[in-house]
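Source file: data_2.tsv. Holds: TSV, C-alpha atoms and all ligand atoms.
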chain	number	residue	atom	x	y	z
W	11	MET	CA	91.03	108.17	67.34
W	12	ALA	CA	87.68	109.89	67.19
W	13	GLU	CA	84.91	108.79	69.55
W	14	LEU	CA	81.32	108.99	68.38
W	15	SER	CA	80.88	112.37	70.10
W	16	ALA	CA	83.74	113.75	67.99
W	17	LEU	CA	81.94	112.56	64.86
W	18	ILE	CA	78.77	114.41	65.93
W	19	LYS	CA	80.92	117.51	66.37
W	20	GLY	CA	82.33	116.87	62.92
W	21	TYR	CA	78.82	116.63	61.51
W	22	ARG	CA	78.03	120.07	62.95
W	23	GLU	CA	81.09	121.49	61.21
W	24	PHE	CA	79.98	119.86	57.96
W	25	TYR	CA	76.49	121.35	58.40
W	26	LYS	CA	77.94	124.81	58.99
W	27	LYS	CA	80.13	124.53	55.90
W	28	TYR	CA	77.51	123.28	53.45
W	29	PHE	CA	74.16	124.43	54.86
W	30	ALA	CA	74.54	127.32	57.29
W	31	SER	CA	77.19	129.34	55.48
W	32	GLY	CA	75.29	130.37	52.38
W	33	SER	CA	76.83	127.55	50.33
W	34	THR	CA	74.51	126.56	47.49
W	35	LEU	CA	76.31	123.30	46.68
W	36	TYR	CA	73.67	120.96	48.11
W	37	GLU	CA	70.87	123.10	46.69
W	38	GLU	CA	72.40	122.66	43.24
W	39	LEU	CA	73.02	118.95	43.80
W	40	LYS	CA	69.40	118.52	44.84
W	41	LYS	CA	68.19	120.36	41.74
W	42	THR	CA	70.44	118.73	39.19
W	43	GLY	CA	70.96	115.34	40.87
W	44	GLN	CA	74.40	113.86	41.28
W	45	SER	CA	76.69	113.76	38.26
W	46	PRO	CA	80.11	112.64	39.50
W	47	LYS	CA	82.69	112.14	36.78
W	48	THR	CA	84.72	109.62	38.73
W	49	LEU	CA	83.99	106.33	40.43
W	50	ILE	CA	86.52	105.14	43.00
W	51	ILE	CA	86.74	101.60	44.35
W	52	ALA	CA	88.57	101.75	47.66
W	53	CYS	CA	89.25	99.59	50.69
W	54	SER	CA	87.02	99.90	53.75
W	55	ASP	CA	90.18	100.70	55.75
W	56	SER	CA	89.56	103.79	57.90
W	57	ARG	CA	92.89	105.30	56.85
W	58	VAL	CA	92.16	105.32	53.14
W	59	ASP	CA	89.04	107.38	52.63
W	60	PRO	CA	89.04	108.48	48.97
W	61	SER	CA	87.07	111.67	49.69
W	62	ILE	CA	89.63	112.76	52.29
W	63	ILE	CA	92.67	111.75	50.22
W	64	THR	CA	91.41	113.67	47.17
W	65	SER	CA	89.89	116.60	49.10
W	66	ALA	CA	86.69	115.93	47.17
W	67	ASP	CA	83.48	117.87	47.68
W	68	PRO	CA	80.04	116.28	47.96
W	69	GLY	CA	78.93	115.19	44.50
W	70	ASP	CA	82.48	114.79	43.17
W	71	ILE	CA	83.06	111.03	43.43
W	72	PHE	CA	80.91	107.91	43.42
W	73	VAL	CA	82.52	105.53	45.88
W	74	ILE	CA	82.45	101.75	46.33
W	75	ARG	CA	84.31	100.40	49.35
W	76	ASN	CA	84.95	96.85	50.42
W	77	VAL	CA	87.63	94.71	52.09
W	78	ALA	CA	90.81	95.08	49.99
W	79	ASN	CA	89.21	97.19	47.21
W	80	ILE	CA	88.45	94.12	45.13
W	81	VAL	CA	86.41	94.08	41.93
W	82	PRO	CA	85.00	90.60	41.29
W	83	PRO	CA	84.62	89.40	37.70
W	84	CYS	CA	81.24	89.86	36.02
W	85	GLU	CA	78.96	86.97	36.87
W	86	LYS	CA	75.35	86.24	36.02
W	87	SER	CA	73.04	88.28	38.22
W	88	ASP	CA	71.18	85.16	39.38
W	89	SER	CA	74.39	83.52	40.68
W	90	GLY	CA	74.50	85.39	44.01
W	91	LEU	CA	74.37	88.81	45.59
W	92	HIS	CA	76.39	91.40	43.71
W	93	GLY	CA	76.79	94.61	45.68
W	94	VAL	CA	79.97	95.72	43.91
W	95	SER	CA	78.62	94.89	40.45
W	96	ALA	CA	75.34	96.70	41.12
W	97	ALA	CA	77.18	99.82	42.27
W	98	LEU	CA	79.44	99.63	39.20
W	99	GLU	CA	76.41	99.33	36.94
W	100	PHE	CA	74.77	102.32	38.61
W	101	GLY	CA	77.93	104.45	38.35
W	102	VAL	CA	78.70	103.51	34.77
W	103	CYS	CA	75.30	102.99	33.12
W	104	VAL	CA	73.09	105.39	35.09
W	105	LEU	CA	75.48	108.16	36.14
W	106	GLY	CA	77.83	107.84	33.17
W	107	VAL	CA	81.11	108.34	35.04
W	108	ARG	CA	84.12	109.03	32.80
W	109	HIS	CA	86.78	107.48	35.04
W	110	ILE	CA	87.03	104.43	37.29
W	111	VAL	CA	89.87	104.38	39.80
W	112	VAL	CA	90.85	101.26	41.74
W	113	LEU	CA	92.53	102.69	44.83
W	114	GLY	CA	94.69	100.18	46.69
W	115	HIS	CA	96.93	100.87	49.65
W	116	SER	CA	99.86	99.70	51.75
W	117	ASN	CA	99.40	97.79	55.03
W	118	CYS	CA	96.12	96.36	53.74
W	119	ALA	CA	94.73	93.84	56.22
W	120	GLY	CA	92.57	92.33	53.49
W	121	ILE	CA	95.59	91.57	51.33
W	122	HIS	CA	97.43	90.29	54.40
W	123	SER	CA	94.52	87.87	54.91
W	124	LEU	CA	94.71	86.82	51.28
W	125	LEU	CA	98.43	86.02	51.65
W	126	ASN	CA	98.07	84.35	55.06
W	127	SER	CA	94.82	82.46	54.78
W	128	ASP	CA	95.26	80.87	58.23
W	129	ASN	CA	94.54	84.39	59.53
W	130	VAL	CA	90.94	84.27	58.40
W	131	ASP	CA	90.24	80.55	58.60
W	132	GLY	CA	86.83	80.08	60.12
W	133	THR	CA	85.52	83.54	59.21
W	134	ASP	CA	82.04	83.62	57.73
W	135	PHE	CA	82.81	85.90	54.80
W	136	ILE	CA	86.33	87.41	54.80
W	137	ALA	CA	88.35	84.43	53.53
W	138	LYS	CA	85.99	83.76	50.65
W	139	TRP	CA	85.83	87.42	49.71
W	140	VAL	CA	89.59	88.10	49.63
W	141	ASN	CA	90.06	84.89	47.66
W	142	VAL	CA	88.37	86.62	44.74
W	143	ALA	CA	91.90	88.04	44.28
W	144	SER	CA	93.68	84.68	44.62
W	145	ALA	CA	95.20	85.02	41.13
W	146	ALA	CA	97.06	88.12	42.39
W	147	LYS	CA	98.42	86.11	45.31
W	148	GLU	CA	99.55	83.27	43.03
W	149	LYS	CA	101.27	85.65	40.60
W	150	THR	CA	103.01	87.51	43.44
W	151	ILE	CA	104.38	84.31	44.96
W	152	ARG	CA	105.38	82.93	41.55
W	153	GLU	CA	107.31	86.09	40.65
W	154	ASN	CA	108.89	86.65	44.09
W	155	PRO	CA	109.68	83.13	45.31
W	156	GLN	CA	112.35	84.18	47.83
W	157	ALA	CA	110.89	87.50	48.92
W	158	LYS	CA	110.27	88.37	52.54
W	159	GLU	CA	106.76	88.98	53.78
W	160	SER	CA	106.76	92.80	53.53
W	161	VAL	CA	107.85	92.62	49.87
W	162	LEU	CA	105.15	90.05	49.09
W	163	GLN	CA	102.57	92.21	50.82
W	164	HIS	CA	103.41	95.36	48.79
W	165	SER	CA	103.67	93.39	45.59
W	166	CYS	CA	100.34	91.62	46.15
W	167	GLU	CA	98.59	94.91	47.02
W	168	LYS	CA	99.63	96.21	43.61
W	169	GLU	CA	98.89	92.96	41.73
W	170	SER	CA	95.43	92.99	43.23
W	171	ILE	CA	94.79	96.47	41.80
W	172	LEU	CA	95.78	95.17	38.34
W	173	LEU	CA	93.55	92.12	38.76
W	174	SER	CA	90.61	94.36	39.65
W	175	LEU	CA	91.31	96.53	36.58
W	176	ASN	CA	91.22	93.38	34.45
W	177	ASN	CA	88.03	92.21	36.14
W	178	LEU	CA	86.42	95.56	35.30
W	179	LEU	CA	86.89	94.65	31.63
W	180	THR	CA	84.72	91.55	32.08
W	181	PHE	CA	81.66	93.80	32.46
W	182	PRO	CA	80.41	94.28	28.88
W	183	TRP	CA	79.09	97.83	29.50
W	184	ILE	CA	82.49	98.87	30.86
W	185	LYS	CA	84.44	97.27	28.00
W	186	SER	CA	82.25	98.88	25.32
W	187	ARG	CA	82.50	102.34	26.89
W	188	ILE	CA	86.30	102.05	27.05
W	189	GLU	CA	86.40	101.07	23.37
W	190	GLU	CA	84.19	104.07	22.55
W	191	LYS	CA	86.59	106.26	24.61
W	192	LYS	CA	83.81	107.28	26.97
W	193	LEU	CA	85.46	105.72	29.99
W	194	LYS	CA	89.01	105.31	31.32
W	195	LEU	CA	90.39	102.98	33.98
W	196	HIS	CA	93.10	103.93	36.48
W	197	GLY	CA	95.03	102.09	39.19
W	198	TRP	CA	96.16	104.12	42.22
W	199	TYR	CA	98.20	103.00	45.22
W	200	PHE	CA	98.32	104.97	48.46
W	201	ALA	CA	101.27	104.45	50.81
W	202	ILE	CA	100.17	104.98	54.38
W	203	ALA	CA	103.66	105.50	55.81
W	204	ASP	CA	104.50	108.62	53.78
W	205	GLY	CA	101.20	109.68	52.19
W	206	SER	CA	102.50	109.17	48.66
W	207	LEU	CA	100.03	108.35	45.89
W	208	HIS	CA	101.14	106.29	42.89
W	209	GLU	CA	99.42	105.86	39.54
W	210	TYR	CA	99.79	102.74	37.39
W	211	ASN	CA	101.57	103.41	34.12
W	212	PRO	CA	100.61	100.56	31.74
W	213	LYS	CA	103.42	101.42	29.29
W	214	LYS	CA	106.08	101.01	31.96
W	215	GLU	CA	104.08	98.39	33.88
W	216	LEU	CA	104.96	100.30	37.03
W	217	PHE	CA	103.30	102.60	39.52
W	218	ASP	CA	104.59	106.19	39.14
W	219	LYS	CA	104.56	108.52	42.13
W	220	ILE	CA	102.21	111.47	41.67
W	221	PRO	CA	104.17	114.67	42.47
W	222	VAL	CA	102.91	116.52	45.54
W	223	GLU	CA	103.45	119.98	43.99
S	301	ZN	ZN	92.82	97.55	52.80
Step by step, read the file and then write its structure as C-alpha cells.
Amino acid sequence: MAELSALIKGYREFYKKYFASGSTLYEELKKTGQSPKTLIIACSDSRVDPSIITSADPGDIFVIRNVANIVPPCEKSDSGLHGVSAALEFGVCVLGVRHIVVLGHSNCAGIHSLLNSDNVDGTDFIAKWVNVASAAKEKTIRENPQAKESVLQHSCEKESILLSLNNLLTFPWIKSRIEEKKLKLHGWYFAIADGSLHEYNPKKELFDKIPVE
C-alpha cells in the first residue's frame, strides 16, 4: 500500500497531467465553476473511491463519503450537525446535479459493525452512526433468519443502499426535483472480490450486473 511519499509522487503525476501538459481542464473549471451532473455517496473505504471506479475527471462528480455510505433521514437543521445533509443540499440545490448515486460495496466494515454491534461498543461515534441504518439490519435479519454471516453481510450492504435511497426522499428539495423529473436516484453496489458493479433495478427489486464491455 502506498506510503505518503508515493502519494506525493502521485500528486506530481496529477500536476503534469492537468497543469503542465497544456490541459485546459482546470482553467475551464476555474472560469465556469464546477457543474457536475452526478452526486455520489460512497463509503470512506479506501478500496471504493468513486472517482477511481468511474475513471472520472476533475469536475465530473460531487462526492460525499462516510462510514458505510449512509444517508440519514432529513432532520431539522437545529437538531444536530448535518454534514451529509449540507453536502446534499449544496449538490442538489446549488449545483443542480441530475443524478444521485448511493454506492455501496462488499466487505464493508461499517455494515459489519452495524450487524455485530459488540464490535463497536464503546466507540465515540461509529456505533451511533452506523445505527442510522438499523432498519436495514432488522429487515435483513427478518428476511434471512437462518442465513450465515457472509449472506447477512451482503444482504445488509444492499438493504442499506435501499434505505439510503428512501432517506433521500425525505429531503423535500430532492423529492420535488424527482417529481419534476429534474433528478434521478440510483443504487450501485461494488463487489471488491471481482470488481463487478451492480445497479439496482426497482422493477425487478434486484441489483443487475453492469456489463464490462
Ligand atoms: Zn464500507
Return the padded bounding box of segment 83-92 of chain W as AutoDock Vina command-line options: axis-aligned, built from all atoms listed in the file, 8 Å added on each side, with centre and edge lengths in Å to one decimal.
--center_x 77.9 --center_y 87.5 --center_z 40.8 --size_x 29.4 --size_y 23.9 --size_z 25.6
field: Distance of atom CA of Ala30 of chain W from atom CA of Ile50 of chain W, expressed in Å to one decimal place
entry: 29.0 Å
Expected selection as a compact mmCIF listing (two decimals) with C-alpha atoms, in the frame of the given file for ligand ZN 301 (chain S) within 10 Å, only C-alpha atoms and all ligand atoms:
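Generated file (pocket22.txt):
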# COMPACT_ATOMS: atom_id res chain seq x y z
CA ALA W 52 88.57 101.75 47.66
CA CYS W 53 89.25 99.59 50.69
CA SER W 54 87.02 99.90 53.75
CA ASP W 55 90.18 100.70 55.75
CA SER W 56 89.56 103.79 57.90
CA ARG W 57 92.89 105.30 56.85
CA VAL W 58 92.16 105.32 53.14
CA ARG W 75 84.31 100.40 49.35
CA ASN W 76 84.95 96.85 50.42
CA VAL W 77 87.63 94.71 52.09
CA ALA W 78 90.81 95.08 49.99
CA ASN W 79 89.21 97.19 47.21
CA ILE W 80 88.45 94.12 45.13
CA LEU W 113 92.53 102.69 44.83
CA GLY W 114 94.69 100.18 46.69
CA HIS W 115 96.93 100.87 49.65
CA SER W 116 99.86 99.70 51.75
CA ASN W 117 99.40 97.79 55.03
CA CYS W 118 96.12 96.36 53.74
CA ALA W 119 94.73 93.84 56.22
CA GLY W 120 92.57 92.33 53.49
CA ILE W 121 95.59 91.57 51.33
CA HIS W 122 97.43 90.29 54.40
CA GLU W 167 98.59 94.91 47.02
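Between Val142 of chain W and the residues W:Gln163, W:Ser170, W:Thr180, W:Asn154, the shortest atom-to-atom distance, using all atoms listed in the file, involves W:Ser170.
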query: Got a sec: who's within 12 Å of Ile51 of chain W, counting all atoms listed in the file, leaving out chain neighbours fewer than 5 positions off, as an NGL selection string?
result: :W and (58-61 or 71-82 or 94-95 or 97-98 or 101 or 109-115 or 171 or 174-175 or 178 or 195-199)
- request: Provide the atom CA of Ser123 of chain W to atom CA of Lys168 of chain W distance in Å, to one decimal place.
  value: 14.9 Å
Neighbour list for Val102 of chain W as an MDAnalysis selection string, cut-off 10 Å, all atoms listed in the file, skip fewer than 3 positions in-chain: chainID W and resid 47:49 72 96:99 105:110 183:184 187 193
query: Quick one: distance from atom CA of Phe29 of chain W to atom CA of Val104 of chain W in Å, one decimal?
result: 27.5 Å
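Nearest residue to Asp204 of chain W among W:Leu91, W:Lys219, W:Tyr28, W:Leu124 is W:Lys219, counting only C-alpha atoms.
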task: Determine, counting only C-alpha atoms, every residue of protein, DNA or RNA that lies within 12 Å of (105.3, 111.1, 49.3) in the file coordinates, then give the result as number ranges by chain.
output: W: 199-208, 218-223
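The residue that comes closest to Pro46 of chain W, out of W:Ile136, W:Met11, W:Ile188, W:Ala66 and on the basis of all atoms listed in the file, is W:Ala66.
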task: List every protein, DNA or RNA residue that has an atom no more than 7 Å from (100.1, 82.9, 50.1) in the file's coordinate frame, counting all atoms listed in the file, and report them as a list in words.
output: Leu124, Leu125, Asn126, Lys147 and Ile151 of chain W
